[in-house]
$ cat target_0.cif   # mmCIF, C-alpha atoms
data_protein
loop_
_atom_site.label_atom_id
_atom_site.label_comp_id
_atom_site.auth_asym_id
_atom_site.auth_seq_id
_atom_site.Cartn_x
_atom_site.Cartn_y
_atom_site.Cartn_z
CA MET A 275 -1.14 -36.04 12.98
CA MET A 276 0.86 -36.48 16.20
CA ALA A 277 3.81 -34.63 14.66
CA THR A 278 1.52 -31.78 13.63
CA ASN A 279 0.02 -31.55 17.12
CA GLY A 280 3.50 -31.56 18.59
CA SER A 281 4.58 -28.70 16.32
CA VAL A 282 1.48 -26.68 17.22
CA GLY A 283 2.19 -27.31 20.90
CA ILE A 284 5.76 -26.09 20.55
CA LEU A 285 4.62 -22.95 18.72
CA ASN A 286 1.97 -22.25 21.35
CA SER A 287 4.53 -22.70 24.13
CA ALA A 288 6.94 -20.37 22.35
CA PHE A 289 4.19 -17.78 21.92
CA VAL A 290 3.30 -17.94 25.63
CA ALA A 291 6.97 -17.66 26.61
CA VAL A 292 7.56 -14.60 24.41
CA GLU A 293 4.34 -13.01 25.63
CA TYR A 294 5.47 -13.59 29.24
CA VAL A 295 8.83 -11.92 28.60
CA ASP A 296 7.10 -9.09 26.76
CA SER A 297 4.98 -8.38 29.84
CA PHE A 298 8.17 -7.39 31.72
CA LEU A 299 9.50 -5.09 29.01
CA PRO A 300 8.95 -1.33 29.43
CA LYS A 301 6.05 0.13 27.48
CA ASN A 302 6.96 1.33 24.03
CA PRO A 303 6.84 5.15 24.19
CA LEU A 304 6.07 5.31 20.46
CA GLN A 305 3.09 2.95 20.62
CA GLN A 306 0.50 5.63 21.36
CA LEU A 307 1.93 7.84 18.63
CA PHE A 308 1.77 4.95 16.17
CA LYS A 309 -1.78 4.13 17.26
CA ASN A 310 -2.89 7.73 16.76
CA ALA A 311 -1.33 7.81 13.29
CA TRP A 312 -2.91 4.48 12.35
CA MET A 313 -6.35 5.54 13.58
CA SER A 314 -6.06 8.87 11.75
CA MET A 315 -5.22 6.98 8.56
CA LEU A 316 -8.27 4.72 8.98
CA ASN A 317 -10.55 7.69 9.65
CA ASN A 318 -9.38 9.77 6.70
CA TYR A 319 -8.76 7.26 3.93
CA SER A 320 -10.60 4.34 2.39
CA LYS A 321 -9.24 0.80 2.37
CA PHE A 322 -8.53 1.14 -1.34
CA GLN A 323 -6.52 4.32 -0.81
CA ILE A 324 -4.57 2.77 2.08
CA ALA A 325 -3.82 -0.46 0.24
CA THR A 326 -2.93 1.20 -3.07
CA TRP A 327 -1.47 4.65 -2.47
CA GLY A 328 -0.30 3.81 1.04
CA SER A 329 1.62 0.79 -0.23
CA LEU A 330 3.16 2.79 -3.09
CA ILE A 331 4.27 5.57 -0.74
CA ALA A 332 5.60 3.03 1.78
CA HIS A 333 7.63 1.31 -0.94
CA GLU A 334 9.11 4.48 -2.46
CA PHE A 335 9.85 6.15 0.87
CA ALA A 336 11.39 3.02 2.44
CA TYR A 337 13.43 2.10 -0.64
CA PHE A 338 15.16 5.43 -1.12
CA LEU A 339 15.53 6.08 2.62
CA ILE A 340 17.29 2.73 3.05
CA CYS A 341 19.45 3.48 -0.03
CA LEU A 342 20.47 6.88 1.36
CA PRO A 343 23.31 5.80 3.73
CA GLY A 344 25.09 3.82 1.00
CA PHE A 345 24.69 6.76 -1.39
CA VAL A 346 26.23 9.13 1.17
CA PHE A 347 29.11 6.74 1.94
CA GLN A 348 30.69 7.39 -1.48
CA PHE A 349 31.36 10.99 -0.43
CA ILE A 350 32.93 10.09 2.94
CA PRO A 351 36.62 9.10 2.63
CA TYR A 352 36.55 7.32 6.00
CA MET A 353 33.87 4.89 4.76
CA GLN A 354 35.90 3.78 1.74
CA LYS A 355 37.81 1.26 3.85
CA TYR A 356 34.51 -0.61 4.25
CA LYS A 357 33.82 -0.69 0.50
CA ILE A 358 34.17 -4.27 -0.72
CA GLN A 359 35.36 -3.61 -4.30
CA GLN A 360 37.40 -0.48 -3.67
CA GLU A 361 38.85 -0.45 -7.17
CA LYS A 362 35.36 0.02 -8.67
CA PRO A 363 33.85 3.25 -7.30
CA GLU A 364 30.33 4.38 -8.12
CA THR A 365 29.90 6.87 -10.98
CA TRP A 366 27.18 9.41 -11.63
CA GLU A 367 26.56 7.86 -15.04
CA LYS A 368 25.92 4.40 -13.57
CA GLN A 369 23.75 5.76 -10.76
CA TRP A 370 21.63 7.86 -13.11
CA ARG A 371 21.10 4.91 -15.48
CA CYS A 372 20.20 2.74 -12.50
CA PHE A 373 17.75 5.34 -11.17
CA LYS A 374 15.89 5.54 -14.49
CA ILE A 375 15.45 1.77 -14.79
CA VAL A 376 14.46 1.45 -11.12
CA MET A 377 11.79 4.13 -11.48
CA PHE A 378 10.45 2.46 -14.62
CA ASN A 379 10.18 -0.85 -12.75
CA HIS A 380 8.57 0.82 -9.75
CA PHE A 381 5.80 2.56 -11.67
CA PHE A 382 5.23 0.34 -14.71
CA ILE A 383 5.84 -3.13 -13.23
CA GLN A 384 5.47 -2.97 -9.45
CA PHE A 385 2.74 -0.35 -9.20
CA PRO A 386 0.23 -2.37 -11.29
CA LEU A 387 0.86 -5.24 -8.85
CA ILE A 388 0.37 -2.89 -5.90
CA CYS A 389 -3.01 -1.91 -7.39
CA GLY A 390 -4.14 -5.46 -6.67
CA THR A 391 -3.37 -5.16 -2.95
CA TYR A 392 -6.85 -3.94 -2.03
CA TYR A 393 -8.55 -6.78 -3.88
CA PHE A 394 -6.18 -9.26 -2.24
CA THR A 395 -7.06 -8.00 1.25
CA GLU A 396 -10.75 -8.02 0.43
CA TYR A 397 -10.70 -11.55 -1.04
CA PHE A 398 -8.94 -12.97 2.04
CA SER A 399 -10.83 -10.70 4.49
CA ILE A 400 -7.60 -9.23 5.84
CA PRO A 401 -8.38 -6.61 8.52
CA TYR A 402 -7.01 -3.06 8.76
CA ASP A 403 -8.30 -2.14 12.22
CA TRP A 404 -6.08 -1.41 15.22
CA GLU A 405 -7.74 -3.90 17.57
CA SER A 406 -6.88 -6.98 15.50
CA MET A 407 -3.30 -5.92 14.74
CA PRO A 408 -0.90 -8.71 15.82
CA ARG A 409 1.65 -8.15 18.59
CA TRP A 410 5.14 -7.02 17.56
CA PHE A 411 6.73 -10.43 18.11
CA VAL A 412 4.06 -12.12 15.97
CA ILE A 413 4.74 -9.68 13.13
CA LEU A 414 8.48 -10.30 13.55
CA ALA A 415 7.98 -14.07 13.39
CA GLN A 416 5.75 -13.71 10.31
CA CYS A 417 8.38 -11.57 8.57
CA LEU A 418 10.99 -14.22 9.36
CA GLY A 419 8.70 -16.87 7.86
CA CYS A 420 8.23 -14.71 4.76
CA ALA A 421 12.01 -14.32 4.48
CA VAL A 422 12.56 -18.09 4.61
CA ILE A 423 9.95 -18.65 1.88
CA GLU A 424 11.26 -15.82 -0.31
CA ASP A 425 14.85 -16.98 0.10
CA THR A 426 13.92 -20.49 -1.04
CA TRP A 427 12.03 -19.19 -4.07
CA HIS A 428 14.85 -16.77 -4.87
CA TYR A 429 17.60 -19.41 -4.69
CA PHE A 430 16.05 -21.84 -7.18
CA LEU A 431 14.61 -19.25 -9.60
CA HIS A 432 17.73 -17.08 -9.44
CA ARG A 433 19.88 -20.11 -10.16
CA LEU A 434 17.60 -20.96 -13.10
CA LEU A 435 18.00 -17.43 -14.48
CA HIS A 436 21.74 -18.07 -14.60
CA HIS A 437 21.22 -20.94 -17.04
CA LYS A 438 23.07 -20.18 -20.28
CA ARG A 439 19.85 -20.30 -22.32
CA LEU A 440 18.12 -17.72 -20.11
CA TYR A 441 20.86 -15.54 -18.65
CA LYS A 442 21.52 -13.24 -21.62
CA HIS A 443 17.79 -12.61 -22.16
CA ILE A 444 16.77 -11.65 -18.60
CA HIS A 445 19.22 -11.73 -15.69
CA LYS A 446 22.13 -10.15 -17.57
CA VAL A 447 20.55 -6.72 -16.98
CA HIS A 448 20.96 -7.03 -13.21
CA HIS A 449 24.61 -8.04 -13.66
CA GLU A 450 25.52 -4.90 -15.60
CA PHE A 451 27.06 -3.70 -12.35
CA VAL A 452 29.96 -5.92 -11.27
CA ALA A 453 30.35 -3.79 -8.14
CA PRO A 454 26.78 -3.27 -6.85
CA PHE A 455 25.44 -0.29 -4.88
CA GLY A 456 22.25 -0.01 -2.83
CA MET A 457 19.91 1.48 -5.43
CA GLN A 458 20.86 -1.31 -7.83
CA ALA A 459 18.91 -3.80 -5.68
CA GLU A 460 15.84 -3.39 -7.90
CA TYR A 461 17.70 -2.73 -11.14
CA ALA A 462 16.52 -5.63 -13.28
CA HIS A 463 14.77 -6.75 -16.44
CA PRO A 464 10.96 -6.35 -16.07
CA LEU A 465 10.55 -10.13 -16.38
CA GLU A 466 13.03 -10.69 -13.55
CA THR A 467 11.13 -8.21 -11.41
CA LEU A 468 8.05 -10.38 -11.89
CA ILE A 469 9.77 -13.78 -11.59
CA LEU A 470 11.90 -13.17 -8.51
CA GLY A 471 9.41 -10.69 -7.07
CA ALA A 472 6.78 -13.44 -6.91
CA GLY A 473 8.65 -14.87 -3.93
CA PHE A 474 7.74 -11.76 -1.95
CA PHE A 475 4.02 -12.48 -2.28
CA ILE A 476 4.10 -16.19 -1.39
CA GLY A 477 4.86 -15.44 2.26
CA ILE A 478 2.11 -12.82 2.31
CA ILE A 479 -0.40 -15.39 1.06
CA VAL A 480 0.73 -17.88 3.73
CA PHE A 481 1.00 -15.60 6.77
CA CYS A 482 -0.93 -12.38 6.20
CA ASN A 483 -3.60 -11.81 8.85
CA HIS A 484 -3.45 -7.99 8.95
CA MET A 485 -2.59 -5.14 6.59
CA ILE A 486 0.39 -4.21 8.77
CA LEU A 487 2.25 -7.38 7.73
CA LEU A 488 2.34 -6.28 4.07
CA TRP A 489 4.18 -3.10 5.04
CA ALA A 490 6.34 -4.71 7.74
CA TRP A 491 7.49 -7.47 5.38
CA LEU A 492 8.02 -4.90 2.61
CA ILE A 493 10.37 -2.88 4.83
CA CYS A 494 12.21 -6.01 6.02
CA ARG A 495 12.72 -7.22 2.46
CA LEU A 496 13.94 -3.82 1.28
CA LEU A 497 16.35 -3.57 4.23
CA GLU A 498 17.83 -6.94 3.31
CA THR A 499 18.10 -6.50 -0.46
CA VAL A 500 19.54 -2.97 -0.28
CA ASP A 501 22.02 -4.10 2.39
CA VAL A 502 23.37 -7.03 0.36
CA HIS A 503 23.68 -4.80 -2.72
CA SER A 504 25.20 -1.86 -0.83
CA GLY A 505 28.80 -2.69 -1.73
CA TYR A 506 29.85 -1.87 1.83
CA ASP A 507 30.55 -4.22 4.72
CA VAL A 508 29.97 -1.88 7.64
CA PRO A 509 30.80 -3.16 11.16
CA LEU A 510 28.09 -3.51 13.82
CA ASN A 511 25.43 -4.12 11.17
CA PRO A 512 22.45 -5.42 13.22
CA LEU A 513 21.34 -7.65 10.34
CA HIS A 514 24.39 -9.83 10.99
CA LEU A 515 22.77 -10.91 14.26
CA LEU A 516 20.36 -12.93 12.11
CA PRO A 517 21.54 -16.58 11.98
CA PHE A 518 22.76 -17.73 8.55
CA TYR A 519 22.47 -14.19 7.15
CA GLY A 520 24.57 -13.84 3.99
CA GLY A 521 25.19 -10.10 3.97
CA SER A 522 26.89 -7.77 1.54
CA ARG A 523 30.17 -9.69 1.16
CA PHE A 524 28.32 -12.90 0.32
CA HIS A 525 26.17 -11.29 -2.39
CA ASP A 526 28.87 -8.91 -3.61
CA PHE A 527 30.91 -11.98 -4.56
CA HIS A 528 27.99 -13.18 -6.69
CA HIS A 529 28.13 -9.96 -8.73
CA MET A 530 31.91 -10.11 -8.98
CA ASN A 531 32.08 -13.83 -9.82
CA PHE A 532 28.67 -14.38 -11.55
CA ILE A 533 28.61 -18.01 -10.33
CA GLY A 534 27.43 -19.22 -6.91
CA ASN A 535 25.88 -17.51 -3.88
CA TYR A 536 22.39 -17.51 -5.39
CA SER A 537 20.44 -17.01 -2.16
CA SER A 538 18.89 -13.66 -1.35
CA THR A 539 19.05 -13.66 2.46
CA PHE A 540 20.35 -16.86 4.06
CA THR A 541 23.28 -19.11 3.21
CA TRP A 542 21.84 -22.60 3.80
CA TRP A 543 20.69 -23.42 0.26
CA ASP A 544 24.10 -22.51 -1.13
CA LYS A 545 25.73 -24.66 1.57
CA ILE A 546 23.41 -27.62 0.90
CA PHE A 547 24.02 -27.58 -2.86
CA GLY A 548 27.66 -26.51 -2.67
CA THR A 549 27.13 -23.36 -4.72
CA ASP A 550 29.17 -21.39 -2.20
CA SER A 551 32.37 -23.39 -2.86
CA GLN A 552 33.99 -20.70 -5.02
CA TYR A 553 33.13 -18.07 -2.43
CA ASN A 554 34.65 -20.15 0.37
CA SER A 555 37.84 -20.62 -1.68
CA TYR A 556 37.95 -16.87 -2.33
CA VAL A 557 37.55 -16.08 1.38
CA GLU A 558 40.38 -18.46 2.28
CA LYS A 559 42.59 -16.90 -0.40
CA MET A 560 41.90 -13.39 0.94
CA LYS A 561 42.68 -14.50 4.50
CA LYS A 562 46.03 -15.92 3.40
CA GLN A 563 46.89 -12.73 1.55
CA GLU A 564 45.99 -10.63 4.60
CA HIS A 565 48.13 -12.90 6.78
CA VAL A 566 51.12 -12.46 4.43
CA VAL A 567 50.69 -8.67 4.46
CA GLU A 568 50.52 -8.64 8.26
CA LYS A 569 53.74 -10.66 8.51
CA LYS A 570 55.53 -8.26 6.15
CA THR A 571 54.44 -5.20 8.10
CA LYS A 572 55.66 -6.58 11.44
#

$ encode --input "target_0.cif" --output "structure tokens"
Amino acid sequence: MMATNGSVGILNSAFVAVEYVDSFLPKNPLQQLFKNAWMSMLNNYSKFQIATWGSLIAHEFAYFLICLPGFVFQFIPYMQKYKIQQEKPETWEKQWRCFKIVMFNHFFIQFPLICGTYYFTEYFSIPYDWESMPRWFVILAQCLGCAVIEDTWHYFLHRLLHHKRLYKHIHKVHHEFVAPFGMQAEYAHPLETLILGAGFFIGIIVFCNHMILLWAWLICRLLETVDVHSGYDVPLNPLHLLPFYGGSRFHDFHHMNFIGNYSSTFTWWDKIFGTDSQYNSYVEKMKKQEHVVEKKTK
């Protein structure tokens, strides 16, 4: 009980500290615009329409918008130096096949789940109104909590899907592409979409206190999964500011090697269980090769 009270006290202190700092920050010029848009949505659409069609539109728009930069990179020669597996370029055939499977998963697997969003918010009395919307830093902290939960679920279930008795029946579909690209993030067997996708909803059940968190966490999760599947390691990527973030090189190795690096977002579970050992050896080998090349060119 004392430990719990201590944890609550620390969280409360952190909240007060962040709120104090936030009071000195300049006012967000987009806040009023966002408020007007949110109020217009509430005034013109029912909760069912917002939760169902709004969530579908948010998912489709965010997914393909986040995929767009990686798709464009393949046509820009300058960006090819940032491609991780340069010897395996994207092809129209692979991208078209990926698009068809992704759209099937979106509308025949994920959309039926999205249809339950309204009933979820009603059952847990989750508000939609502007007045009870959490502050930005609370939403950010909740998304981080969701990411930690999803990453834990993903590590253990993803590792299980690599078991020799299961792999060829389910997870093999996702590994059709040895060199991944952004849109391939949700290219998977329908069962995998359900099994690994369940981790997304656990954090929502734990943290959700407003409709905005469903969409905020959705966008955060899509940003992460498209980034690690992008096939490009672009400098100045703001996601690398996140402590223990794996990134595209970490996950790209999983597709290239098939073994290890099972986490979705962070690296700690792989470090704890040693499932990043082959990746670490590979990184050291690449560094030595680069060092030899540098010495020869001098």

$ resolve_selection --input "target_0.cif" --expression "the PyMOL selection byres ((chain A and resi 458) around 9)" --output "short mmCIF file (atom, residue, chain, number, x, y, z; two decimals) with C-alpha atoms, in the frame of the given file"
data_model
loop_
_atom_site.label_atom_id
_atom_site.label_comp_id
_atom_site.auth_asym_id
_atom_site.auth_seq_id
_atom_site.Cartn_x
_atom_site.Cartn_y
_atom_site.Cartn_z
CA GLN A 369 23.75 5.76 -10.76
CA CYS A 372 20.20 2.74 -12.50
CA PHE A 373 17.75 5.34 -11.17
CA VAL A 376 14.46 1.45 -11.12
CA HIS A 448 20.96 -7.03 -13.21
CA PHE A 451 27.06 -3.70 -12.35
CA PRO A 454 26.78 -3.27 -6.85
CA PHE A 455 25.44 -0.29 -4.88
CA GLY A 456 22.25 -0.01 -2.83
CA MET A 457 19.91 1.48 -5.43
CA ALA A 459 18.91 -3.80 -5.68
CA GLU A 460 15.84 -3.39 -7.90
CA TYR A 461 17.70 -2.73 -11.14
CA ALA A 462 16.52 -5.63 -13.28
CA VAL A 500 19.54 -2.97 -0.28
CA HIS A 503 23.68 -4.80 -2.72
CA SER A 504 25.20 -1.86 -0.83
#

$ resolve_selection --input "target_0.cif" --expression "the PyMOL selection byres ((chain A and resi 312-318) around 12)" --output "list in words"
Gln305, Gln306, Leu307, Phe308, Lys309, Asn310, Ala311, Tyr319, Ser320, Lys321, Phe322, Gln323, Ile324, Ala325, Trp327, Gly328, Pro401, Tyr402, Asp403, Trp404, Glu405, Met407, Met485 and Ile486 of chain A

$ closest_residue --input "target_0.cif" --among "A:Ile375, A:Met353, A:Ala490, A:Leu468" --to "Cys420 of chain A" --atoms "all atoms listed in the file"
A:Ala490

$ resolve_selection --input "target_0.cif" --expression "the PyMOL selection byres ((chain A and resi 477) around 7)" --output "VMD selection string"
chain A and resid 419 to 420 423 to 424 474 to 476 478 to 481

$ residues_around --input "target_0.cif" --residues "Phe349 of chain A" --least-positions-apart "6" --cutoff "12 Å" --atoms "all atoms listed in the file" --output "count of residues only"
6

$ residues_around --input "target_0.cif" --residues "Thr541 of chain A" --least-positions-apart "3" --cutoff "8 Å" --atoms "only C-alpha atoms" --output "PyMOL selection string"
chain A and resi 518-520+535+537+544-545

$ atom_distance --input "target_0.cif" --atom1 "atom CA of Leu516 of chain A" --atom2 "atom CA of Trp410 of chain A"
17.2 Å

$ residues_near_point --input "target_0.cif" --point "(7.3, -1.5, -14.7)" --cutoff "12 Å" --atoms "only C-alpha atoms" --output "VMD selection string"
chain A and resid 374 to 388 460 to 468

$ atom_distance --input "target_0.cif" --atom1 "atom CA of His528 of chain A" --atom2 "atom CA of Tyr553 of chain A"
8.3 Å

$ closest_residue --input "target_0.cif" --among "A:Pro512, A:Gly505, A:Pro408, A:Gly344" --to "His529 of chain A" --atoms "all atoms listed in the file"
A:Gly505

$ atom_distance --input "target_0.cif" --atom1 "atom CA of Leu488 of chain A" --atom2 "atom CA of Cys341 of chain A"
20.1 Å

$ closest_residue --input "target_0.cif" --among "A:Phe430, A:Tyr506, A:Trp489, A:Phe394" --to "Gly534 of chain A" --atoms "all atoms listed in the file"
A:Phe430

$ closest_residue --input "target_0.cif" --among "A:His437, A:Lys559, A:His449, A:His333" --to "Asn531 of chain A" --atoms "all atoms listed in the file"
A:His449

$ closest_residue --input "target_0.cif" --among "A:Asp425, A:Glu558, A:Glu450, A:Asp507" --to "Tyr536 of chain A" --atoms "only C-alpha atoms"
A:Asp425
